[in-house]
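To be precise, the following lines are entry01.tsv, and they hold TSV, C-alpha atoms.
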```tsv
chain	number	residue	atom	x	y	z
A	655	MET	CA	-141.36	-9.80	37.83
A	656	SER	CA	-139.55	-9.84	41.20
A	657	SER	CA	-136.32	-11.69	41.75
A	658	ALA	CA	-138.22	-14.28	43.79
A	659	ASP	CA	-140.24	-15.22	40.73
A	660	PHE	CA	-137.18	-16.05	38.62
A	661	PRO	CA	-136.16	-19.70	38.31
A	662	ARG	CA	-133.05	-20.25	40.42
A	663	ARG	CA	-131.26	-21.93	37.53
A	664	ALA	CA	-131.39	-21.66	33.77
A	665	PRO	CA	-133.94	-23.86	32.05
A	666	ASN	CA	-132.95	-26.65	29.73
A	667	ASN	CA	-133.08	-24.45	26.62
A	668	GLN	CA	-129.96	-22.67	25.43
A	669	THR	CA	-128.18	-20.30	27.79
A	670	TYR	CA	-125.98	-17.47	26.50
A	671	ILE	CA	-123.08	-15.82	28.26
A	672	ALA	CA	-123.16	-12.03	27.90
A	673	ARG	CA	-122.07	-8.81	29.51
A	674	PHE	CA	-124.64	-6.52	31.07
A	675	LEU	CA	-124.53	-2.76	31.68
A	676	ASP	CA	-127.11	-1.76	34.29
A	677	GLY	CA	-127.06	1.96	33.41
A	678	ILE	CA	-125.66	2.91	36.80
A	679	VAL	CA	-122.15	1.47	37.01
A	680	PRO	CA	-120.11	1.94	33.81
A	681	VAL	CA	-118.59	-1.51	34.07
A	682	PRO	CA	-120.04	-4.53	32.23
A	683	ILE	CA	-121.10	-7.45	34.47
A	684	ARG	CA	-121.01	-11.11	33.46
A	685	ALA	CA	-124.52	-12.38	32.88
A	686	GLU	CA	-126.35	-15.53	31.90
A	687	VAL	CA	-129.14	-15.03	29.38
A	688	TRP	CA	-131.93	-17.29	28.13
A	689	ILE	CA	-135.37	-17.02	26.58
A	690	ASP	CA	-138.40	-17.80	28.72
A	691	ARG	CA	-140.89	-19.05	26.12
A	692	GLN	CA	-143.84	-19.00	28.49
A	693	GLN	CA	-143.36	-15.31	29.39
A	694	ASN	CA	-142.04	-14.47	25.91
A	695	ALA	CA	-139.22	-12.63	27.63
A	696	LEU	CA	-135.43	-12.56	27.74
A	697	ILE	CA	-134.13	-13.42	31.21
A	698	ILE	CA	-130.91	-11.72	32.34
A	699	ARG	CA	-129.21	-12.98	35.50
A	700	THR	CA	-126.08	-11.69	37.20
A	701	GLU	CA	-124.83	-12.12	40.76
A	702	GLU	CA	-126.86	-9.07	41.79
A	703	VAL	CA	-129.49	-8.60	39.07
A	704	ASP	CA	-132.41	-10.61	37.76
A	705	GLU	CA	-134.23	-8.92	34.90
A	706	SER	CA	-136.90	-9.82	32.40
A	707	TRP	CA	-136.95	-8.00	29.04
A	708	PRO	CA	-140.13	-8.46	26.95
A	709	MET	CA	-139.06	-9.87	23.59
A	710	ARG	CA	-141.29	-7.42	21.68
A	711	ASP	CA	-139.43	-4.45	23.26
A	712	ILE	CA	-135.86	-5.55	22.56
A	713	ARG	CA	-133.99	-3.58	19.92
A	714	LYS	CA	-130.59	-4.01	18.30
A	715	LEU	CA	-128.17	-1.13	18.69
A	716	GLN	CA	-127.35	-0.24	15.09
A	717	ASP	CA	-124.28	1.98	15.27
A	718	GLN	CA	-121.51	-0.38	16.37
A	719	ALA	CA	-117.87	-0.55	15.28
A	720	ASP	CA	-117.59	-4.27	16.06
A	721	LYS	CA	-120.18	-5.92	13.85
A	722	THR	CA	-119.47	-9.40	15.21
A	723	ARG	CA	-121.11	-8.58	18.56
A	724	LEU	CA	-124.80	-8.18	19.22
A	725	VAL	CA	-125.68	-5.22	21.42
A	726	LEU	CA	-129.26	-5.08	22.65
A	727	ARG	CA	-131.31	-2.47	24.49
A	728	LEU	CA	-134.86	-1.98	25.65
A	729	ARG	CA	-137.04	0.23	23.47
A	730	ASP	CA	-137.66	2.91	26.10
A	731	ASP	CA	-134.42	2.61	28.09
A	732	PRO	CA	-131.55	4.86	26.96
A	733	LEU	CA	-128.88	3.37	29.27
A	734	ARG	CA	-129.04	-0.37	29.89
A	735	ARG	CA	-127.25	-2.60	27.40
A	736	LEU	CA	-126.81	-6.33	26.88
A	737	ILE	CA	-123.68	-7.32	24.93
A	738	LEU	CA	-123.47	-10.79	23.38
A	739	PRO	CA	-120.32	-12.07	21.60
A	740	ASP	CA	-122.22	-13.23	18.50
A	741	HIS	CA	-125.63	-13.13	16.77
A	742	GLN	CA	-126.98	-16.53	17.77
A	743	LEU	CA	-129.85	-14.94	19.70
A	744	TYR	CA	-130.77	-12.53	16.91
A	745	PRO	CA	-133.21	-14.80	14.95
A	746	ASP	CA	-135.40	-15.18	18.06
A	747	LEU	CA	-135.99	-11.42	18.40
A	748	PRO	CA	-139.35	-10.41	16.86
A	749	HIS	CA	-138.61	-6.68	16.27
A	750	PRO	CA	-134.87	-6.02	16.60
A	751	ASN	CA	-134.79	-3.20	14.04
A	752	ARG	CA	-138.13	-1.50	14.62
A	753	ARG	CA	-137.79	2.23	15.15
A	754	ALA	CA	-139.05	3.82	18.32
A	755	PRO	CA	-142.38	5.60	17.84
A	756	VAL	CA	-142.16	9.36	17.47
A	757	THR	CA	-143.58	10.99	20.56
A	758	GLN	CA	-145.03	14.50	20.70
A	759	ARG	CA	-145.09	14.70	16.91
A	760	GLY	CA	-147.18	17.87	16.96
A	761	LYS	CA	-144.72	19.65	19.23
A	762	LEU	CA	-141.79	18.57	17.06
A	763	LEU	CA	-143.51	19.87	13.93
A	764	THR	CA	-144.28	23.13	15.69
A	765	TRP	CA	-140.66	23.60	16.73
A	766	ALA	CA	-139.46	22.67	13.23
A	767	ALA	CA	-141.81	25.20	11.65
A	768	ALA	CA	-140.68	27.83	14.14
A	769	ALA	CA	-137.02	27.12	13.31
A	770	VAL	CA	-137.65	27.42	9.56
A	771	ALA	CA	-139.61	30.64	10.11
A	772	SER	CA	-136.78	32.04	12.22
A	773	VAL	CA	-134.19	31.31	9.53
A	774	ALA	CA	-136.45	32.84	6.88
A	775	LEU	CA	-136.93	35.93	9.06
A	776	ILE	CA	-133.17	36.33	9.46
A	777	VAL	CA	-132.30	35.73	5.80
A	778	PHE	CA	-135.14	37.64	4.14
A	779	VAL	CA	-135.88	40.40	6.65
A	780	LEU	CA	-133.15	41.06	9.21
A	781	VAL	CA	-130.15	40.55	6.91
A	782	PRO	CA	-131.50	42.93	4.20
A	783	VAL	CA	-132.35	45.58	6.82
A	784	MET	CA	-128.91	45.34	8.40
A	785	ALA	CA	-127.23	45.32	4.97
A	786	ASN	CA	-129.04	48.50	3.95
A	787	GLN	CA	-127.97	50.23	7.16
A	788	LEU	CA	-124.39	48.96	7.04
A	789	ALA	CA	-123.96	50.06	3.42
A	790	GLU	CA	-124.30	53.67	4.55
A	791	PHE	CA	-121.28	53.36	6.86
A	792	ILE	CA	-118.78	51.56	4.63
A	793	PRO	CA	-115.98	54.00	3.68
A	794	PRO	CA	-115.42	54.50	-0.06
A	795	GLU	CA	-111.99	52.88	0.04
A	796	GLY	CA	-113.42	49.79	1.72
A	797	GLU	CA	-116.24	49.60	-0.77
A	798	HIS	CA	-113.79	49.94	-3.66
A	799	ALA	CA	-111.56	47.20	-2.24
A	800	LEU	CA	-114.56	44.89	-1.86
A	801	GLY	CA	-115.37	45.43	-5.53
A	802	GLU	CA	-111.79	44.68	-6.59
A	803	VAL	CA	-111.61	41.46	-4.58
A	804	THR	CA	-114.99	40.35	-5.90
A	805	LEU	CA	-113.96	41.11	-9.47
A	806	GLU	CA	-110.89	38.90	-9.11
A	807	GLN	CA	-113.12	36.11	-7.79
A	808	ILE	CA	-115.43	36.56	-10.78
A	809	ARG	CA	-112.49	36.38	-13.17
A	810	GLY	CA	-111.48	33.11	-11.58
A	811	VAL	CA	-115.01	31.69	-11.75
A	812	LEU	CA	-115.44	32.61	-15.41
A	813	GLY	CA	-111.92	31.45	-16.26
A	814	ASN	CA	-112.55	28.03	-14.67
A	815	ASN	CA	-110.29	29.07	-11.80
A	816	SER	CA	-107.22	29.19	-14.04
A	817	ALA	CA	-104.08	30.98	-12.86
A	818	THR	CA	-104.91	34.23	-14.65
A	819	GLY	CA	-108.70	34.02	-14.91
A	820	VAL	CA	-110.64	35.55	-17.77
A	821	GLN	CA	-108.69	38.32	-19.49
A	822	PHE	CA	-109.43	42.03	-19.75
A	823	CYS	CA	-109.92	43.57	-23.18
A	824	GLU	CA	-107.24	46.19	-23.78
A	825	GLY	CA	-107.58	47.48	-27.34
A	826	ASP	CA	-106.46	51.12	-27.17
A	827	ASN	CA	-108.90	52.47	-29.73
A	828	GLY	CA	-111.76	50.48	-28.21
A	829	LYS	CA	-110.90	51.78	-24.74
A	830	ALA	CA	-110.88	55.33	-26.07
A	831	ALA	CA	-114.32	54.83	-27.63
A	832	LEU	CA	-115.76	53.39	-24.43
A	833	THR	CA	-114.25	56.23	-22.39
A	834	MET	CA	-115.93	58.69	-24.73
A	835	MET	CA	-119.24	56.89	-24.17
A	836	GLN	CA	-118.69	56.94	-20.40
A	837	ASN	CA	-117.91	60.67	-20.36
A	838	ARG	CA	-120.98	61.42	-22.46
A	839	LEU	CA	-123.14	59.65	-19.88
A	840	VAL	CA	-121.61	60.91	-16.63
A	841	ASP	CA	-121.47	64.51	-17.89
A	842	THR	CA	-125.23	64.55	-17.31
A	843	LEU	CA	-124.75	64.21	-13.54
A	844	GLU	CA	-124.12	67.05	-11.12
A	845	ALA	CA	-122.00	64.79	-8.91
A	846	PRO	CA	-120.58	62.01	-11.12
A	847	PRO	CA	-119.58	58.85	-9.22
A	848	ASP	CA	-116.05	57.48	-9.39
A	849	LEU	CA	-116.36	54.72	-11.97
A	850	THR	CA	-113.90	51.98	-12.88
A	851	VAL	CA	-114.98	50.26	-16.08
A	852	TYR	CA	-113.75	46.91	-17.40
A	853	VAL	CA	-114.47	44.81	-20.47
A	854	LEU	CA	-114.02	41.08	-19.90
A	855	ASP	CA	-113.04	38.84	-22.81
A	856	HIS	CA	-115.87	36.38	-22.30
A	857	PRO	CA	-118.82	35.41	-24.54
A	858	MET	CA	-121.41	35.83	-21.79
A	859	VAL	CA	-124.00	38.40	-22.85
A	860	ASN	CA	-124.03	40.34	-19.62
A	861	ALA	CA	-123.04	43.46	-17.70
A	862	PHE	CA	-123.13	44.20	-14.00
A	863	ALA	CA	-122.00	46.64	-11.33
A	864	LEU	CA	-119.87	45.81	-8.30
A	865	PRO	CA	-119.36	47.68	-5.02
A	866	GLY	CA	-117.17	50.75	-5.17
A	867	GLY	CA	-118.14	51.97	-8.65
A	868	HIS	CA	-116.83	49.00	-10.64
A	869	ILE	CA	-118.81	48.32	-13.83
A	870	VAL	CA	-118.12	45.23	-15.92
A	871	LEU	CA	-119.16	44.74	-19.53
A	872	PHE	CA	-118.68	41.46	-21.35
A	873	ARG	CA	-117.44	40.95	-24.88
A	874	GLY	CA	-120.59	38.96	-25.58
A	875	LEU	CA	-122.74	42.01	-24.84
A	876	ILE	CA	-120.78	44.20	-27.26
A	877	ASP	CA	-120.85	41.46	-29.88
A	878	LYS	CA	-124.64	41.14	-29.69
A	879	ALA	CA	-125.35	44.89	-29.70
A	880	GLU	CA	-126.03	46.42	-33.10
A	881	SER	CA	-125.36	50.03	-32.14
A	882	PRO	CA	-123.30	51.92	-29.55
A	883	GLU	CA	-126.55	53.34	-28.17
A	884	GLU	CA	-127.60	49.85	-27.03
A	885	VAL	CA	-124.32	49.42	-25.14
A	886	ALA	CA	-124.80	52.89	-23.67
A	887	ALA	CA	-128.31	51.94	-22.51
A	888	VAL	CA	-126.90	48.99	-20.56
A	889	PHE	CA	-124.06	51.19	-19.31
A	890	ALA	CA	-126.52	53.82	-18.04
A	891	HIS	CA	-128.60	51.18	-16.26
A	892	GLU	CA	-125.51	49.94	-14.40
A	893	ILE	CA	-124.49	53.49	-13.50
A	894	GLY	CA	-127.94	53.81	-11.95
A	895	HIS	CA	-127.18	50.84	-9.72
A	896	VAL	CA	-123.84	52.38	-8.73
A	897	VAL	CA	-125.42	55.73	-7.82
A	898	SER	CA	-128.02	53.92	-5.67
A	899	ARG	CA	-125.30	51.67	-4.16
A	900	ASP	CA	-127.34	48.60	-5.05
A	901	PRO	CA	-124.24	46.39	-5.57
A	902	THR	CA	-122.96	47.12	-2.06
A	903	ARG	CA	-126.29	46.33	-0.44
A	904	HIS	CA	-126.65	43.23	-2.59
A	905	ALA	CA	-123.14	42.05	-1.68
A	906	LEU	CA	-123.78	42.56	2.04
A	907	ARG	CA	-127.14	40.78	1.83
A	908	SER	CA	-125.64	37.86	-0.08
A	909	ALA	CA	-122.65	37.54	2.25
A	910	GLY	CA	-124.91	37.75	5.31
A	911	SER	CA	-127.33	35.14	3.98
A	912	ILE	CA	-124.49	32.81	2.97
A	913	GLY	CA	-122.95	33.23	6.41
A	914	VAL	CA	-126.22	32.35	8.18
A	915	LEU	CA	-126.73	29.29	6.00
A	916	GLY	CA	-123.10	28.32	6.51
A	917	LEU	CA	-123.60	28.31	10.28
A	918	LEU	CA	-126.66	26.11	9.90
A	919	PHE	CA	-125.48	23.61	7.28
A	920	GLY	CA	-121.72	23.63	7.60
A	921	ASP	CA	-118.86	26.06	8.02
A	922	PHE	CA	-118.06	28.07	4.91
A	923	ALA	CA	-114.46	29.21	4.67
A	924	GLY	CA	-113.84	32.76	3.52
A	925	GLY	CA	-112.86	31.62	0.02
A	926	ALA	CA	-116.09	29.70	-0.39
A	927	VAL	CA	-118.11	32.71	0.72
A	928	MET	CA	-116.34	34.92	-1.81
A	929	LEU	CA	-116.86	32.32	-4.53
A	930	LEU	CA	-120.59	32.13	-3.87
A	931	LEU	CA	-120.77	35.90	-3.58
A	932	ALA	CA	-119.05	36.28	-6.95
A	933	GLU	CA	-121.52	33.92	-8.60
A	934	GLN	CA	-124.39	35.84	-7.00
A	935	LEU	CA	-123.11	39.15	-8.35
A	936	ILE	CA	-122.51	37.84	-11.86
A	937	GLU	CA	-126.26	37.25	-12.14
A	938	ALA	CA	-127.39	39.91	-9.66
A	939	GLN	CA	-131.14	39.95	-9.31
A	940	TYR	CA	-131.99	43.17	-7.53
A	941	ALA	CA	-135.35	43.86	-5.97
A	942	GLN	CA	-138.15	45.13	-8.15
A	943	GLY	CA	-137.81	48.66	-6.79
A	944	ALA	CA	-134.06	48.75	-7.46
A	945	GLU	CA	-134.49	47.49	-11.04
A	946	ALA	CA	-137.30	49.95	-11.75
A	947	GLN	CA	-135.26	52.84	-10.34
A	948	ALA	CA	-132.21	51.86	-12.40
A	949	ASP	CA	-134.40	51.83	-15.52
A	950	ILE	CA	-135.81	55.28	-14.71
A	951	PHE	CA	-132.29	56.55	-14.02
A	952	ALA	CA	-131.14	55.18	-17.40
A	953	HIS	CA	-134.07	56.80	-19.23
A	954	ASP	CA	-133.21	60.20	-17.77
A	955	MET	CA	-129.45	59.85	-18.27
A	956	LEU	CA	-129.81	58.73	-21.88
A	957	GLN	CA	-132.18	61.59	-22.67
A	958	LYS	CA	-129.85	64.19	-21.14
A	959	ALA	CA	-126.92	62.67	-23.03
A	960	GLY	CA	-128.77	63.07	-26.33
A	961	ILE	CA	-129.42	59.33	-26.65
A	962	SER	CA	-132.93	58.01	-27.11
A	963	PRO	CA	-134.22	55.88	-24.19
A	964	ASP	CA	-135.68	53.72	-26.96
A	965	ALA	CA	-132.19	52.15	-27.15
A	966	LEU	CA	-132.98	50.35	-23.91
A	967	ALA	CA	-136.25	49.09	-25.39
A	968	VAL	CA	-134.46	47.92	-28.52
A	969	MET	CA	-131.90	46.09	-26.43
A	970	PHE	CA	-134.62	44.40	-24.36
A	971	GLU	CA	-136.49	43.37	-27.51
A	972	ARG	CA	-133.39	41.95	-29.16
A	973	PHE	CA	-132.51	39.73	-26.26
A	974	ARG	CA	-136.09	38.68	-25.73
A	975	SER	CA	-136.20	37.55	-29.36
A	976	LEU	CA	-133.11	35.41	-28.76
A	977	GLY	CA	-135.05	33.57	-26.06
A	978	GLY	CA	-133.35	30.59	-24.41
A	979	GLU	CA	-130.12	31.06	-26.37
A	980	VAL	CA	-129.16	33.94	-24.09
A	981	SER	CA	-128.33	33.08	-20.47
A	982	GLY	CA	-126.71	36.29	-19.31
A	983	ILE	CA	-128.30	39.61	-20.13
A	984	GLU	CA	-131.87	38.33	-20.21
A	985	GLU	CA	-131.56	36.74	-16.78
A	986	HIS	CA	-129.87	39.87	-15.49
A	987	PHE	CA	-132.48	42.32	-16.78
A	988	VAL	CA	-135.68	40.28	-16.81
A	989	SER	CA	-135.91	39.79	-13.04
A	990	HIS	CA	-138.40	42.54	-12.08
A	991	PRO	CA	-140.64	43.97	-13.43
A	992	ALA	CA	-141.82	42.06	-16.52
A	993	LEU	CA	-139.64	42.57	-19.58
A	994	GLY	CA	-142.59	43.64	-21.72
A	995	ASP	CA	-143.45	46.38	-19.23
A	996	ARG	CA	-139.88	47.61	-19.23
A	997	ILE	CA	-139.86	47.82	-23.03
A	998	GLU	CA	-143.04	49.87	-22.95
A	999	GLN	CA	-141.70	52.15	-20.21
A	1000	ALA	CA	-138.47	52.79	-22.12
A	1001	ARG	CA	-140.46	53.75	-25.22
A	1002	ASP	CA	-142.75	56.01	-23.18
A	1003	ALA	CA	-139.67	57.78	-21.81
A	1004	VAL	CA	-138.80	59.20	-25.26
A	1005	PRO	CA	-139.96	62.85	-25.30
A	1006	SER	CA	-142.15	64.00	-28.15
A	1007	GLY	CA	-140.01	65.38	-30.94
A	1008	PHE	CA	-136.79	64.14	-29.35
A	1009	VAL	CA	-133.84	64.25	-31.77
A	1010	PRO	CA	-130.88	62.11	-30.65
A	1011	ARG	CA	-127.26	63.09	-31.24
A	1012	PRO	CA	-124.78	60.57	-32.64
A	1013	LEU	CA	-122.87	58.81	-29.91
A	1014	LEU	CA	-119.88	57.33	-31.73
A	1015	SER	CA	-118.63	57.54	-35.28
A	1016	THR	CA	-118.58	54.44	-37.46
A	1017	SER	CA	-114.85	53.99	-36.86
A	1018	GLN	CA	-115.21	54.46	-33.11
A	1019	TRP	CA	-118.03	51.90	-32.94
A	1020	SER	CA	-115.90	49.50	-34.97
A	1021	ALA	CA	-113.02	50.05	-32.54
A	1022	LEU	CA	-115.27	49.31	-29.57
A	1023	GLN	CA	-116.46	46.12	-31.23
A	1024	SER	CA	-112.80	45.12	-31.69
A	1025	ILE	CA	-111.66	46.03	-28.17
A	1026	CYS	CA	-110.98	42.39	-27.33
A	1027	THR	CA	-109.26	41.42	-30.58
A	1028	ASP	CA	-106.87	44.35	-30.89
A	1029	ARG	CA	-104.94	43.31	-27.78
A	1030	ARG	CA	-105.58	41.08	-24.79
A	1031	SER	CA	-104.08	41.54	-21.34
A	1032	HIS	CA	-104.00	39.53	-18.12
A	1033	SER	CA	-103.42	42.60	-15.96
A	1034	LEU	CA	-106.01	44.34	-13.83
A	1035	SER	CA	-106.29	47.41	-16.04
A	1036	PRO	CA	-109.54	49.37	-15.99
A	1037	LEU	CA	-110.55	51.97	-18.50
A	1038	ASN	CA	-109.64	55.49	-17.48
A	1039	ALA	CA	-112.63	57.35	-16.09
A	1040	LYS	CA	-113.03	61.07	-16.59
```

Since I need it in another form, could you write the structure as structure tokens?
Amino acid sequence: MSSADFPRRAPNNQTYIARFLDGIVPVPIRAEVWIDRQQNALIIRTEEVDESWPMRDIRKLQDQADKTRLVLRLRDDPLRRLILPDHQLYPDLPHPNRRAPVTQRGKLLTWAAAAVASVALIVFVLVPVMANQLAEFIPPEGEHALGEVTLEQIRGVLGNNSATGVQFCEGDNGKAALTMMQNRLVDTLEAPPDLTVYVLDHPMVNAFALPGGHIVLFRGLIDKAESPEEVAAVFAHEIGHVVSRDPTRHALRSAGSIGVLGLLFGDFAGGAVMLLLAEQLIEAQYAQGAEAQADIFAHDMLQKAGISPDALAVMFERFRSLGGEVSGIEEHFVSHPALGDRIEQARDAVPSGFVPRPLLSTSQWSALQSICTDRRSHSLSPLNAK
């Protein structure tokens, strides 16, 4: 409608005084507003502007600090605004809260799918590749420090973030028995890794390796084992991860993935990243190839140490029989491949006519089982490696 078609004065029905923003000048202009029932339109008149807004296209601006005012806009106009001091006009608007139709829905879905695919590519492909390459260049002292920092985070997580965290088990006789077990295992290697072994005074039935040769056993694991050979089987599996540097690659992958997701969904401070990384490593789920290789490594190490690889099968069977009551070791070891296959492979690894040699005496095994009750310590005190 041209300005010539507008009535030169407001009709007899109610006229509202408002302020109008024309989308060009950022200054509101005084306007008179009324409803033209014949045209089903809202008429806006200022000293310089005469406009007609179809009633069906008028929308209320939702996000407003001052809820007493009524701010209106046209459906397809991002700039022009009509500001009324109250809501008297609101009941006459047919669709004030109707959402604008989504345009180019197919293109939006395509871009959304592409964005999700890009994030998946980064998290599941690029980050693992970069982590594997970066792991080869981390100096041993840096890798060891990363393991120490992560271990302290894990202690805090398991200790409900108390001042000291979960304690280390420090029974002297138990430490001596575990050191003997460690030496028996690593003596089978031509180039033994530098290991730092801890026992945490926690009921979780679990064990895991950290970057830099740190291996952590839990009191719950020792409590559930019925022979030192079962503990040694778990120990050998974790040594296999250390030799392959799986914990370092896993830590780098987890930190990289958490960092990418933090950029997308909110900034993660360094402490939060370390906390999430610690939780990831407590229940580390390595790739199928890494788990299979650690099993094969354990079979060979146990055999060379005079310990039957069947101990690994026995351990798997025991924790499988406990079913849902066990949340640590089963989740840690059952990731890939299937637990039943791993039991069978451990049994197949026992050579024909193999005669195992005793690992620990009865008193030494008893001392290892009591490592957490003989003496407890808050200090960061690993077992002495050979």

### Query
Closest to Ser1017 in chain A among A:Ala831, A:Asp949, A:Val896, A:Ser975, using all atoms listed in the file?
A:Ala831

### Task
Work out how far apart CA of Gln1018 in chain A and CA of Ile893 in chain A are and give it in Å to one decimal.
21.7 Å

### Message
For a test of reading the model, state the distance in Å between CA of Ala863 in chain A and CA of Pro901 in chain A, rounded to one decimal.
### Response
6.2 Å

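Residue nearest Val725 in chain A, chosen from A:Ile737, A:Val853, A:Ile671, A:Ala948 and counting all atoms listed in the file: A:Ile737.
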
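The interatomic distance for the pair CA of Ile997 in chain A and CA of Ala879 in chain A works out to 16.2 Å.
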
### Task
Please provide the set of residues having any atom within 9 Å of Trp1019 in chain A, restricted to only C-alpha atoms, with same-chain residues fewer than 5 positions apart removed, written as a list in words.
Gly828, Ala831, Leu832, Ser881, Pro882, Leu1013, Leu1014 and Ser1024 of chain A

Mind dumping the selected residues with C-alpha atoms as a PDB file, in the coordinates of the input?
```
ATOM      1  CA  GLY A 828    -111.760  50.480 -28.210  1.00  0.00           C
ATOM      2  CA  ALA A 831    -114.320  54.830 -27.630  1.00  0.00           C
ATOM      3  CA  LEU A 832    -115.760  53.390 -24.430  1.00  0.00           C
ATOM      4  CA  SER A 881    -125.360  50.030 -32.140  1.00  0.00           C
ATOM      5  CA  PRO A 882    -123.300  51.920 -29.550  1.00  0.00           C
ATOM      6  CA  LEU A1013    -122.870  58.810 -29.910  1.00  0.00           C
ATOM      7  CA  LEU A1014    -119.880  57.330 -31.730  1.00  0.00           C
ATOM      8  CA  SER A1024    -112.800  45.120 -31.690  1.00  0.00           C
TER       9      SER A1024
END
```

### Query
For Val811 in chain A, which residue among A:Lys829, A:His856, A:Arg753, A:His798 is the nearest when counting all atoms listed in the file?
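Using all atoms listed in the file, Val811 in chain A sits closest to A:His856.
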
### Query
Taking (-123.2, -8.7, 24.0) in the file's coordinates, which residues come within 12 Å, counting only C-alpha atoms, written as number ranges by chain?
A: 670-675, 682-687, 698, 714-715, 718, 720-727, 734-744

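Nearest residue to Val840 in chain A, choosing from A:Cys1026, A:Leu762, A:Ala1000, A:Val897 and counting only C-alpha atoms: A:Val897.
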
### Task
Find the residues near Gln999 in chain A: any atom within 10 Å, counting all atoms listed in the file, skip ones fewer than 6 places away on the same chain, and give them as a PyMOL selection string.
chain A and resi 946+949-950+953+963-964+966-967+993

Around all listed atoms of range 877-890 of chain A, padded 5 Å per side, what centre and edge lengths does the axis-aligned box have in Å to one decimal, as JSON?
```
{"center_x": -124.6, "center_y": 47.5, "center_z": -25.6, "size_x": 17.5, "size_y": 22.7, "size_z": 25.1}
```

### Task
Find the spatial neighbours of Ile876 in chain A, counting only C-alpha atoms, within a cut-off of 8 Å - ignore same-chain residues fewer than 6 positions away - and output them as a ChimeraX atom specification.
/A:859,885,1022-1023

How would range 1017-1021 of chain A look with all heavy atoms restored, written as a short mmCIF file (atom, residue, chain, number, x, y, z; two decimals), keeping the file's coordinate frame?
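What landed in selection-v9.cif:
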```cif
data_model
loop_
_atom_site.label_atom_id
_atom_site.label_comp_id
_atom_site.auth_asym_id
_atom_site.auth_seq_id
_atom_site.Cartn_x
_atom_site.Cartn_y
_atom_site.Cartn_z
N SER A 1017 -116.16 54.55 -37.19
CA SER A 1017 -114.85 53.99 -36.86
C SER A 1017 -114.70 53.75 -35.35
O SER A 1017 -114.08 52.77 -34.93
CB SER A 1017 -113.74 54.93 -37.35
OG SER A 1017 -113.85 56.21 -36.74
N GLN A 1018 -115.28 54.65 -34.56
CA GLN A 1018 -115.21 54.46 -33.11
C GLN A 1018 -116.04 53.25 -32.67
O GLN A 1018 -115.61 52.49 -31.80
CB GLN A 1018 -115.71 55.72 -32.40
CG GLN A 1018 -114.76 56.89 -32.50
CD GLN A 1018 -115.37 58.19 -32.03
OE1 GLN A 1018 -116.59 58.36 -32.07
NE2 GLN A 1018 -114.53 59.13 -31.58
N TRP A 1019 -117.20 53.07 -33.25
CA TRP A 1019 -118.03 51.90 -32.94
C TRP A 1019 -117.31 50.62 -33.37
O TRP A 1019 -117.32 49.62 -32.65
CB TRP A 1019 -119.38 52.04 -33.63
CG TRP A 1019 -120.28 50.84 -33.56
CD1 TRP A 1019 -120.94 50.24 -34.59
CD2 TRP A 1019 -120.66 50.08 -32.40
NE1 TRP A 1019 -121.69 49.17 -34.17
CE2 TRP A 1019 -121.54 49.05 -32.81
CE3 TRP A 1019 -120.34 50.17 -31.04
CZ2 TRP A 1019 -122.10 48.13 -31.93
CZ3 TRP A 1019 -120.90 49.24 -30.16
CH2 TRP A 1019 -121.76 48.24 -30.61
N SER A 1020 -116.66 50.66 -34.52
CA SER A 1020 -115.90 49.50 -34.97
C SER A 1020 -114.75 49.19 -34.01
O SER A 1020 -114.46 48.03 -33.70
CB SER A 1020 -115.36 49.73 -36.38
OG SER A 1020 -114.58 48.65 -36.82
N ALA A 1021 -114.11 50.25 -33.50
CA ALA A 1021 -113.02 50.05 -32.54
C ALA A 1021 -113.53 49.43 -31.25
O ALA A 1021 -112.88 48.56 -30.65
CB ALA A 1021 -112.32 51.39 -32.27
#
```
